[in-house]
Amino acid sequence: MSATAVRPVRIVVAKVGLDGHDRGVKVVARALRDAGYEVIYTGLRQTPEMVVDAALQEDAQVIGLSIHSGAHMTLFPAVVEELKRRQATDIVVFGGGIIPDDDIATLKKRGVAEIFTPGTPLQEIVDWLRMRFPESTQK
Amino acid sequence: MRALARTITLVERRDPSVRDLEEALRSDASTPGVAGFTGAPGTGKSTLVDAVVTHLRGKEKSVAVLATDPNSPFTGGAILGDRIRMQRHALDGKVFIRSMGARGHLGGLSLATREAIRLLGAFGFDEVILETVGVGQSELEVAAVADTTVVVLTPNLGDSVQMIKAGILEIADVFVVNKSDLDGHARVAAELRAMMNLAPKRVWKPPIIATVATRQEGIEQLWSAVVAHRSHLEASGRAKELTEQRLRDETAEVAAELARRRARQALEDDPTLAERLLQDGTPYRTAEEILKRDANR
């Protein structure tokens with residue numbers, strides 16, 4: 001495939017729910033950009049339907065969710081369910097926010113691939129994506 | 001919808017399989033209208049496009065938006081943020097929004113955009129809107145693809161003068177002075193008019209439309225101007241000329257892409273040739289040899 005350009009992995013990044021704390025998600029978006037990913041940021045107060053719809057239109061391989069309102073147990077699985085309904089379970093969902101350890105285990109059982117909590121080094125998120133998408137040789 | 005999204009990815013990636021699309025799409029000759037919006041960062045392009053989409057949806061037209069943002073030249077990464085302003089159309093099945101990185105493809109943005117437009121036409125979209133930041137990366141390529149190029153300016157933006165200097169004046173078919181509720185909008189319009197009077201006379205004189213995109217003001221006038229320009233293209237025979245010119249350009253671009261692919265492949269498959277190239281430092285001779293060799297095959 002050397003004759004064709006390798007397209008960057010595309011990641012839809014969204015704030016689900018009603019909180020307006022977007023500093024974290026913007027920092028992560030920027031780190032992903034610097035790591036060579038194409039980040040599509042959709043903004044605040046997104047519903048699971050909107051996030052999935054954007055991911056489908058953008059042909060993204062990954063959805064990154066951010067939440068600080070405490071509604072992660074409702075909204076994160078709702079995104080996974082919506083992906084099932086739209087027959088797009090190949091899209092990987094990860095999330096970040098203030099999320100208790102007990103909840104993380106449950107969320108993973110319900111189809112969220114990974115959760116990053118406050119204090120996670122940005123490189124850890126990048127390394128995780130590189131591991132999930134090794135074929136996309138980023139420059 | 002996912003089929004469309006996936007095929008656009010192939011087109012963007014310049015996958016060799018896009019060749020087969022050509023035959024498949026030829027019968028679907030319905031070409032959508034294509035309007036391109038460009039302007040300096042922060043002039044409100046995305047908000048304006050969002051307002052235009054709302055206007056067109058009110059007329060029962062289906063709309064696709066291809067929004068281009070720059071990629072980092074170092075990492076290839078990008079933050080594509082144009083969707084943020086358009087999320088109110090998120091669940092409308094007649095609106096399709098796709099973000100593109102300007103430097104994400106080898107064959108150039110215009111090639112990928114042209115093919116994407118053809119695809120969107122085949123999927124039944126009435127209108128295609130191209131949005132791109134006017135920072136010298138991609139707006140000229142967009143002007144080469146759009147039927148009508150809308151240049152967006154705002155009051156009190158030093159950048160607007162920079163844009164005029166940079167030659168954006170020549171690509172505009174319609175000027176928009178957005179944020180016209182701010183002081184200074186009359187001056188922008190006056191400056192534009194003065195600039196146009198100095199420029200060589202053209203048959204089509206670009207109108208200057210005042211808008212406040214956040215309040216949906218001036219959008220109807222803006223769209224009327226786009227439609228008027230479209231009629232002008234048709235009536236003057238320019239539309240036909242453009243179509244022919246673009247087909248020629250596109251063929252040249254595709255040929256370049258194919259040749260590039262062959263050359264890379266040949267250098268990979270033929271170590272002797274690659275070695276000689278490295279020793280002699282003769283890219284011209286090597287390229288000619290590769291092209292000749294392929295032609296005889």
# chains A, B, ... in the order shown; residues from 1 in each chain; ligands from 1

call {"tool": "interface_residues", "arguments": {"of": "chain B", "to": "chain A", "cutoff": "7 Å", "atoms": "only C-alpha atoms", "output": "list in words"}}
result
Arg2, Ala5, Arg6, Arg13, Arg14, Asp15, Thr75, Gly76, Gly77, Ala78, Ile79, Leu80, Gly81, Arg83, Ile84, Ala90, Leu91, Phe96, Ile97, Arg98, Ser99, Gly104, His105, Leu106, Arg261, Arg264 and Gln265 of chain B

call {"tool": "write_last_selection", "arguments": {"atoms": "C-alpha atoms", "output": "mmCIF file, in the first residue's frame"}}
result
data_model
loop_
_atom_site.group_PDB
_atom_site.id
_atom_site.type_symbol
_atom_site.label_atom_id
_atom_site.label_comp_id
_atom_site.auth_asym_id
_atom_site.auth_seq_id
_atom_site.Cartn_x
_atom_site.Cartn_y
_atom_site.Cartn_z
ATOM 1 C CA ARG B 2 -22.857 4.957 5.860
ATOM 2 C CA ALA B 5 -19.625 8.217 4.119
ATOM 3 C CA ARG B 6 -17.401 5.217 3.436
ATOM 4 C CA ARG B 13 -7.748 8.358 0.466
ATOM 5 C CA ARG B 14 -7.324 8.137 -3.309
ATOM 6 C CA ASP B 15 -8.021 4.427 -3.204
ATOM 7 C CA THR B 75 1.965 15.436 12.074
ATOM 8 C CA GLY B 76 -0.882 15.304 9.546
ATOM 9 C CA GLY B 77 -3.271 15.693 12.456
ATOM 10 C CA ALA B 78 -6.168 18.112 12.436
ATOM 11 C CA ILE B 79 -8.954 19.491 14.538
ATOM 12 C CA LEU B 80 -12.015 19.709 12.359
ATOM 13 C CA GLY B 81 -14.463 21.944 14.183
ATOM 14 C CA ARG B 83 -19.633 20.767 12.718
ATOM 15 C CA ILE B 84 -19.984 22.556 16.045
ATOM 16 C CA ALA B 90 -27.547 16.752 13.113
ATOM 17 C CA LEU B 91 -30.591 14.506 12.958
ATOM 18 C CA PHE B 96 -25.085 15.516 5.291
ATOM 19 C CA ILE B 97 -22.016 17.150 6.805
ATOM 20 C CA ARG B 98 -18.513 15.926 6.234
ATOM 21 C CA SER B 99 -15.271 17.416 7.558
ATOM 22 C CA GLY B 104 -5.072 14.569 4.015
ATOM 23 C CA HIS B 105 -4.843 13.410 0.418
ATOM 24 C CA LEU B 106 -2.130 12.938 -2.112
ATOM 25 C CA ARG B 261 1.620 5.717 -8.401
ATOM 26 C CA ARG B 264 6.600 4.674 -6.831
ATOM 27 C CA GLN B 265 5.675 1.097 -7.653
#

call {"tool": "select_by_dssp", "arguments": {"residues": "range 105-275 of chain B", "states": "strand (DSSP E)", "output": "PyMOL selection string"}}
result
chain B and resi 127-133+148-153+174-177+208-210

call {"tool": "residues_around", "arguments": {"residues": "Leu65 in chain A", "least_positions_apart": "2", "cutoff": "9 Å", "atoms": "only C-alpha atoms", "output": "PyMOL selection string"}}
result
chain A and resi 12-16+25+51+63+67+76+93-97

call {"tool": "residues_around", "arguments": {"residues": "range 116-119 of chain A", "least_positions_apart": "3", "cutoff": "12 Å", "atoms": "only C-alpha atoms", "output": "ChimeraX atom specification"}}
result
/A:23-25,27-28,64-68,93-101,103-104,107-108,112-113,122-126,128

call {"tool": "closest_residue", "arguments": {"among": "A:Val80, A:Gln61, A:Ser69, A:Val92", "to": "His21 in chain A", "atoms": "only C-alpha atoms"}}
result
A:Ser69

call {"tool": "residues_around", "arguments": {"residues": "Thr43 in chain B", "least_positions_apart": "3", "cutoff": "7 Å", "atoms": "only C-alpha atoms", "output": "compact mmCIF listing (two decimals) with C-alpha atoms, in the first residue's frame"}}
result
# COMPACT_ATOMS: atom_id res chain seq x y z
CA GLY B 39 -12.89 33.61 4.36
CA ALA B 40 -10.44 34.29 7.15
CA VAL B 152 -16.87 36.08 3.64
CA LEU B 153 -15.57 39.23 5.35
CA THR B 154 -16.42 40.97 8.60
CA ASN B 178 -21.07 39.01 7.88
